[in-house]
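For reference, entry_1.cif is printed below; it contains mmCIF, C-alpha atoms.
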data_target
#
loop_
_atom_site.label_atom_id
_atom_site.label_comp_id
_atom_site.auth_asym_id
_atom_site.auth_seq_id
_atom_site.Cartn_x
_atom_site.Cartn_y
_atom_site.Cartn_z
CA MET G 56 100.41 -0.46 192.40
CA THR G 57 101.22 -4.02 191.43
CA ARG G 58 101.51 -5.93 188.16
CA THR G 59 99.79 -9.31 187.98
CA LEU G 60 99.80 -11.98 185.30
CA THR G 61 96.39 -12.30 183.62
CA PHE G 62 94.99 -13.99 180.53
CA GLU G 63 92.71 -12.75 177.79
CA PRO G 64 89.11 -13.84 178.52
CA ARG G 65 88.32 -15.42 175.12
CA GLY G 66 91.44 -16.32 173.15
CA TRP G 67 91.33 -18.43 169.98
CA ILE G 68 91.15 -22.07 168.90
CA ALA G 69 94.29 -23.72 167.48
CA GLN G 70 94.63 -27.47 166.84
CA GLY G 71 91.62 -28.21 169.00
CA ARG G 72 92.87 -26.19 171.94
CA ARG G 73 91.83 -22.78 173.20
CA ILE G 74 94.79 -20.46 173.53
CA ARG G 75 94.62 -17.31 175.60
CA GLU G 76 97.32 -14.68 175.43
CA SER G 77 98.97 -13.78 178.72
CA ARG G 78 99.83 -10.28 179.76
CA PHE G 79 100.75 -8.30 182.86
CA GLN G 80 98.02 -5.99 184.14
CA THR G 81 98.54 -3.05 186.45
CA ARG G 82 96.36 -3.29 189.55
CA SER G 83 95.83 -1.02 192.50
CA SER G 84 97.37 -2.10 195.80
CA LEU G 85 94.86 -0.06 197.80
CA PRO G 86 93.40 -2.47 200.38
CA LEU G 87 89.87 -3.42 199.40
CA SER G 88 88.93 -3.31 203.08
CA SER G 89 89.73 0.43 203.17
CA ALA G 90 87.52 1.05 200.13
CA CYS G 91 84.70 -0.93 201.80
CA LEU G 92 84.96 1.23 204.91
CA VAL G 93 84.67 4.36 202.78
CA ALA G 94 81.63 2.96 200.94
CA ASN G 95 79.85 2.08 204.19
CA ALA G 96 80.64 5.49 205.67
CA LEU G 97 79.27 7.19 202.54
CA ARG G 98 76.01 5.27 202.86
CA GLU G 99 75.52 6.31 206.49
CA SER G 100 76.52 9.93 205.85
CA LEU G 101 74.12 10.22 202.91
CA ARG G 102 71.37 8.74 205.07
CA CYS G 103 71.95 11.40 207.72
CA LEU G 104 72.25 14.22 205.18
CA PHE G 105 69.08 13.49 203.23
CA ALA G 106 67.02 11.49 205.78
CA SER G 107 66.62 8.66 203.25
CA GLU G 108 67.78 5.08 202.95
CA PHE G 109 70.51 4.21 200.47
CA GLU G 110 72.28 1.14 199.18
CA VAL G 111 75.84 1.25 197.89
CA ARG G 112 77.91 -0.94 195.60
CA LEU G 113 81.67 -0.76 195.44
CA LEU G 114 83.68 -1.01 192.24
CA GLU G 115 87.17 -2.43 192.70
CA PRO G 116 90.03 0.12 192.91
CA VAL G 117 91.91 0.56 189.64
CA VAL G 118 94.88 2.49 188.29
CA PRO G 119 93.49 4.70 185.49
CA SER G 120 95.61 5.63 182.51
CA ALA G 121 96.49 9.24 181.73
CA GLN G 122 93.77 9.25 179.06
CA ALA G 123 91.20 7.97 181.57
CA TRP G 124 92.12 10.69 184.06
CA SER G 125 91.77 13.28 181.30
CA LEU G 126 88.31 12.05 180.31
CA LEU G 127 87.20 11.98 183.92
CA ALA G 128 88.40 15.52 184.62
CA SER G 129 86.63 16.89 181.53
CA ASP G 130 83.18 15.98 182.85
CA ALA G 131 83.51 16.00 186.62
CA ALA G 132 83.95 18.24 189.62
CA ALA G 133 86.81 17.16 191.89
CA PHE G 134 87.21 18.20 195.52
CA GLY G 135 90.55 17.53 197.15
CA VAL G 136 90.52 16.25 200.73
CA GLY G 137 93.70 16.41 202.79
CA GLY G 138 94.25 14.37 205.95
CA PRO G 139 97.11 13.42 208.26
CA LEU G 140 97.88 10.19 206.36
CA GLY G 141 97.47 11.40 202.81
CA ASP G 142 95.35 13.19 200.23
CA ALA G 143 92.35 12.02 198.27
CA ALA G 144 89.55 13.51 196.23
CA LEU G 145 85.79 13.15 195.94
CA ILE G 146 84.78 13.26 192.29
CA LEU G 147 81.29 13.88 190.94
CA ARG G 148 80.40 13.75 187.26
CA ALA G 149 78.05 16.46 186.03
CA ARG G 150 74.94 14.29 186.12
CA ASP G 151 75.75 12.91 189.57
CA ALA G 152 76.34 16.39 190.99
CA LEU G 153 73.01 17.49 189.54
CA ALA G 154 71.25 14.46 191.06
CA ILE G 155 72.59 15.25 194.54
CA SER G 156 71.64 18.92 194.29
CA GLN G 157 68.14 18.06 193.09
CA LEU G 158 67.71 15.58 195.93
CA ALA G 159 68.51 18.35 198.40
CA PHE G 160 65.69 20.43 196.90
CA GLY G 161 63.34 17.46 196.59
CA GLU G 162 63.16 17.69 192.82
CA PRO G 163 63.63 14.90 190.24
CA VAL G 164 66.48 14.95 187.75
CA THR G 165 65.24 15.67 184.23
CA ASP G 166 67.61 16.84 181.53
CA LEU G 167 71.30 17.33 182.14
CA ARG G 168 72.13 21.00 182.60
CA PRO G 169 74.79 23.12 184.33
CA LEU G 170 74.38 23.73 188.03
CA SER G 171 73.13 27.09 189.21
CA PRO G 172 75.31 29.03 191.69
CA ILE G 173 73.02 27.98 194.54
CA GLU G 174 73.18 24.33 193.45
CA GLU G 175 76.97 24.50 193.28
CA ARG G 176 77.05 25.70 196.89
CA VAL G 177 74.73 22.87 197.92
CA VAL G 178 76.99 20.30 196.27
CA ALA G 179 80.09 21.85 197.87
CA ARG G 180 78.47 21.66 201.31
CA ALA G 181 77.44 18.05 200.71
CA ILE G 182 81.03 17.21 199.74
CA ALA G 183 82.31 18.93 202.89
CA SER G 184 79.96 16.74 204.95
CA LEU G 185 81.14 13.61 203.14
CA ALA G 186 84.85 14.39 203.58
CA THR G 187 85.00 12.55 206.91
CA THR G 188 84.10 9.31 205.12
CA LEU G 189 87.64 9.28 203.71
CA SER G 190 89.18 8.75 207.15
CA PRO G 191 90.16 5.12 206.33
CA ILE G 192 92.50 6.37 203.60
CA CYS G 193 93.29 9.95 204.72
CA GLY G 194 93.50 9.42 208.46
CA VAL G 195 91.33 10.63 211.30
CA ALA G 196 91.11 14.37 211.86
CA ASP G 197 88.75 16.84 213.49
CA ARG G 198 88.72 18.84 210.28
CA PHE G 199 89.89 18.07 206.76
CA ARG G 200 91.40 20.42 204.20
CA ILE G 201 88.94 20.66 201.30
CA GLN G 202 89.52 22.53 198.05
CA ARG G 203 88.13 22.47 194.54
CA LEU G 204 90.61 20.91 192.13
CA VAL G 205 91.11 22.53 188.74
CA GLY G 206 93.03 21.02 185.85
CA PRO G 207 94.19 17.48 185.11
CA LEU G 208 93.86 14.82 187.77
CA ASN G 209 96.88 12.79 188.79
CA PHE G 210 96.29 10.24 191.52
CA ALA G 211 97.61 6.77 192.29
CA ALA G 212 94.30 4.90 192.40
CA TYR G 213 90.60 5.36 191.82
CA PHE G 214 87.41 3.57 192.77
CA GLU G 215 83.71 4.33 192.55
CA VAL G 216 80.77 3.87 194.88
CA LEU G 217 77.40 3.41 193.18
CA VAL G 218 74.61 4.92 195.26
CA GLU G 219 71.02 3.74 194.87
CA GLY G 220 67.90 4.71 196.75
CA ALA G 221 66.37 8.16 196.96
CA VAL G 222 68.82 9.07 194.20
CA THR G 223 70.98 7.14 191.78
CA ALA G 224 74.47 8.51 191.52
CA CYS G 225 78.11 7.52 191.33
CA ILE G 226 80.71 9.00 193.70
CA GLY G 227 84.32 8.62 192.67
CA ILE G 228 87.22 8.52 195.11
CA ALA G 229 90.76 9.18 193.97
CA VAL G 230 93.68 8.34 196.24
CA ALA G 231 97.02 10.12 196.05
CA ARG G 232 99.02 7.34 197.69
CA GLU G 233 98.31 3.64 197.92
CA ALA G 234 98.92 2.63 201.51
CA PRO G 235 99.67 -1.10 201.71
CA ALA G 236 97.68 -3.27 204.06
CA VAL G 237 99.42 -3.49 207.42
CA SER G 238 98.97 -6.54 209.59
CA ALA G 239 98.52 -5.74 213.25
CA GLU G 240 100.43 -7.65 215.90
CA ARG G 241 98.58 -10.79 216.92
CA LEU G 242 96.84 -10.66 220.30
CA THR G 243 97.60 -13.38 222.82
CA LEU G 244 95.66 -14.52 225.87
CA GLU G 245 98.08 -12.60 228.09
CA ASP G 246 96.98 -9.36 226.39
CA LEU G 247 93.41 -9.95 227.59
CA LEU G 248 94.05 -10.89 231.21
CA ASP G 249 93.31 -7.37 232.48
CA VAL G 250 89.97 -7.14 230.66
CA GLU G 251 87.03 -7.12 233.07
CA VAL G 252 83.88 -9.11 232.26
CA CYS G 253 80.49 -9.27 233.94
CA ALA G 254 79.82 -12.51 235.86
CA SER G 255 76.49 -13.59 237.33
CA ALA G 256 75.19 -16.76 238.95
CA GLU G 257 71.81 -18.16 237.95
CA VAL G 258 70.46 -20.38 240.74
CA ALA G 259 66.95 -20.96 239.41
CA SER G 260 65.06 -20.55 236.17
CA ALA G 261 61.63 -21.49 234.88
CA PRO G 262 59.18 -20.38 232.20
CA ILE G 263 56.50 -18.00 233.43
CA SER G 264 53.50 -16.50 231.72
CA VAL G 265 53.23 -12.81 230.91
CA GLU G 266 49.93 -12.67 232.79
CA HIS G 267 51.68 -13.88 235.94
CA VAL G 268 54.38 -11.25 235.57
CA LEU G 269 51.80 -8.48 235.18
CA HIS G 270 50.23 -9.44 238.51
CA PHE G 271 53.45 -9.23 240.51
CA SER G 272 53.15 -7.10 243.65
CA PRO G 273 55.57 -6.02 246.42
CA GLY G 274 56.17 -8.78 248.96
CA GLN G 275 54.95 -11.56 246.69
CA HIS G 276 56.91 -14.83 246.61
CA VAL G 277 57.73 -16.50 243.31
CA ALA G 278 58.44 -20.22 243.54
CA PHE G 279 60.75 -21.96 241.07
CA PRO G 280 60.62 -25.71 240.42
CA THR G 281 64.32 -25.98 241.29
CA PRO G 282 65.64 -27.96 244.31
CA LEU G 283 67.12 -25.84 247.08
CA HIS G 284 70.55 -27.34 246.50
CA GLY G 285 70.14 -27.76 242.77
CA ARG G 286 72.65 -26.91 240.13
CA ALA G 287 73.45 -23.29 239.34
CA GLN G 288 75.04 -21.73 236.29
CA LEU G 289 77.84 -19.19 236.12
CA LEU G 290 77.28 -16.75 233.26
CA VAL G 291 80.05 -14.58 231.87
CA ASP G 292 78.73 -11.69 229.75
CA GLY G 293 75.45 -13.58 229.39
CA GLN G 294 77.05 -16.85 228.23
CA ILE G 295 77.04 -20.03 230.33
CA PHE G 296 80.62 -20.64 231.48
CA SER G 297 80.34 -23.41 234.06
CA ILE G 298 77.98 -25.47 236.23
CA GLY G 299 78.10 -25.30 240.04
CA GLU G 300 76.16 -24.53 243.20
CA GLY G 301 74.99 -21.30 244.75
CA GLY G 302 75.53 -20.61 248.45
CA LEU G 303 77.05 -18.33 251.07
CA MET G 304 80.62 -17.51 252.07
CA GLY G 305 80.51 -15.63 255.31
CA THR G 306 78.08 -12.78 254.77
CA GLN G 307 78.38 -12.79 250.98
CA ARG G 308 76.69 -14.83 248.32
CA ALA G 309 79.08 -17.21 246.56
CA TYR G 310 79.26 -19.69 243.72
CA HIS G 311 80.98 -23.04 244.02
CA VAL G 312 82.38 -24.60 240.86
CA LEU G 313 81.77 -28.34 240.90
CA PRO G 314 84.74 -30.62 240.13
CA GLU G 315 82.92 -32.14 237.16
CA ALA G 316 81.79 -28.73 235.86
CA ALA G 317 82.23 -28.31 232.12
CA VAL G 318 83.44 -24.97 230.84
CA ALA G 319 81.49 -23.67 227.83
CA GLY G 320 83.13 -24.70 224.60
CA HIS G 321 85.01 -27.61 226.19
CA ALA G 322 82.13 -29.91 227.13
#

Written as structure tokens, how would this file's structure read?
Amino acid sequence: MTRTLTFEPRGWIAQGRRIRESRFQTRSSLPLSSACLVANALRESLRCLFASEFEVRLLEPVVPSAQAWSLLASDAAAFGVGGPLGDAALILRARDALAISQLAFGEPVTDLRPLSPIEERVVARAIASLATTLSPICGVADRFRIQRLVGPLNFAAYFEVLVEGAVTACIGIAVAREAPAVSAERLTLEDLLDVEVCASAEVASAPISVEHVLHFSPGQHVAFPTPLHGRAQLLVDGQIFSIGEGGLMGTQRAYHVLPEAAVAGHA
């Protein structure tokens, strides 16, 4: 976690000036990019689970107080997820757990009520399927350790993903350890010299009607309005890289780069 200097949003007026009190606020140091990856993974996993389209909105990671954790634990089911990089938890409030169970049975959510034993098993299986979405913060694993958490919650950070679509629900994610953002080593051109790309030479091109294409037959000749020794284009992964001429080198087709050829992006 970090502590940042912030100011009260409204303040007060004194001698014609608005004064806002400053204070230090505790903020989560969990990378927002990691939370975004989790939110996107949740959307795709829910789509596969329930064969429906969903939209998600991410609420910024925070550091809840002890009182906030207590209130959350009193009205939510928490499922701990353990991975090679750390532990986390998927948290569902009572109404959200009911909404997910009712979606599985194709029934609308009416009044809030306790889950039946069958519905509890459905929610637990859904959570087990969603555990892999925590890979950005727990690490990648073939199988995660999942257990129902009982008692007070005590994690380092917390954020929520609002789910909208076939169902409206809120899925909470608690993180046991805030991993700081790590900058990868910068790639240089030398690191890419061994990468292979697809190169092709285009010696002629012209627009042609669909009707003409449909009447193609074996042995037919297609004439292009391009001079025999006209310019050709060298394409690298589908992008024009240089201008030259097509020809032969021994028994192989070849491409000759003209001295005045302009490389794409440097013309």

Could you write out as a list in words the residues that the PyMOL selection byres ((chain G and resi 142) around 10) matches in the shown file?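 Taken over the shown coordinates, the PyMOL selection byres ((chain G and resi 142) around 10) returns Gly135, Val136, Gly137, Gly138, Pro139, Leu140, Gly141, Ala143, Ala144, Leu189, Ile192, Cys193, Gly194, Phe199, Arg200, Ile201, Phe210, Ala229, Val230, Ala231 and Arg232 of chain G.
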
Starting from the shown file, work through the PyMOL selection byres ((chain G and resi 256-267) around 6) and note down what comes out as a ChimeraX atom specification. /G:255,268-270,281,287-289

Report as a PyMOL selection string all protein, DNA and RNA residues lying within 10 Å of G:Val216, evaluated on only C-alpha atoms, omitting residues in the same chain fewer than 5 positions from it. chain G and resi 90-91+93-95+97-98+110-115+224-228

Expansion of the PyMOL selection byres ((chain G and resi 108) around 12) into residues, as JSON, numbers by chain: {"G": [97, 98, 99, 100, 101, 102, 103, 104, 105, 106, 107, 109, 110, 111, 218, 219, 220, 221, 222, 223]}

Between G:Ile68, G:Val277, G:Val291, G:Phe160, which residue has the minimum interatomic distance to G:Glu174, considering all atoms listed in the file? G:Phe160

Given only C-alpha atoms as the basis, pick out the residue of G:Ile295, G:Phe279, G:Leu158, G:Arg286 nearest to G:Leu313.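 Among G:Ile295, G:Phe279, G:Leu158, G:Arg286, it is G:Arg286 that comes nearest to G:Leu313.
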
Using only C-alpha atoms for the distances, tell me which of G:Gly305, G:Pro169, G:Pro207, G:Pro282 is nearest to G:Ala133.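 Among G:Gly305, G:Pro169, G:Pro207, G:Pro282, it is G:Pro207 that comes nearest to G:Ala133.
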
Residue nearest G:Asp130 - candidates G:Arg65, G:Leu208, G:Pro86, G:Gln70, atoms counted: all atoms listed in the file: G:Leu208

Please measure the separation of atom CA of G:Gly66 and atom CA of G:Phe79, giving the value in Å to one decimal. 15.7 Å

Kindly indicate which residue among G:Leu153, G:Ala278, G:Val252, G:Val312 lies nearest to G:Thr165, using only C-alpha atoms for the distances. G:Leu153

Atomic distance atom CA of G:Gly299 - atom CA of G:Gln275, expressed in Å with one decimal: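 Between these atoms lies a distance of 27.7 Å.
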
Report the centre and edge lengths, in Å to one decimal, of an axis-aligned box enclosing every atom of stretch 245-255 of chain G listed in the file, padded by 5 Å on each side, as AutoDock Vina command-line options.
--center_x 87.3 --center_y -10.4 --center_z 231.9 --size_x 31.6 --size_y 16.5 --size_z 20.9
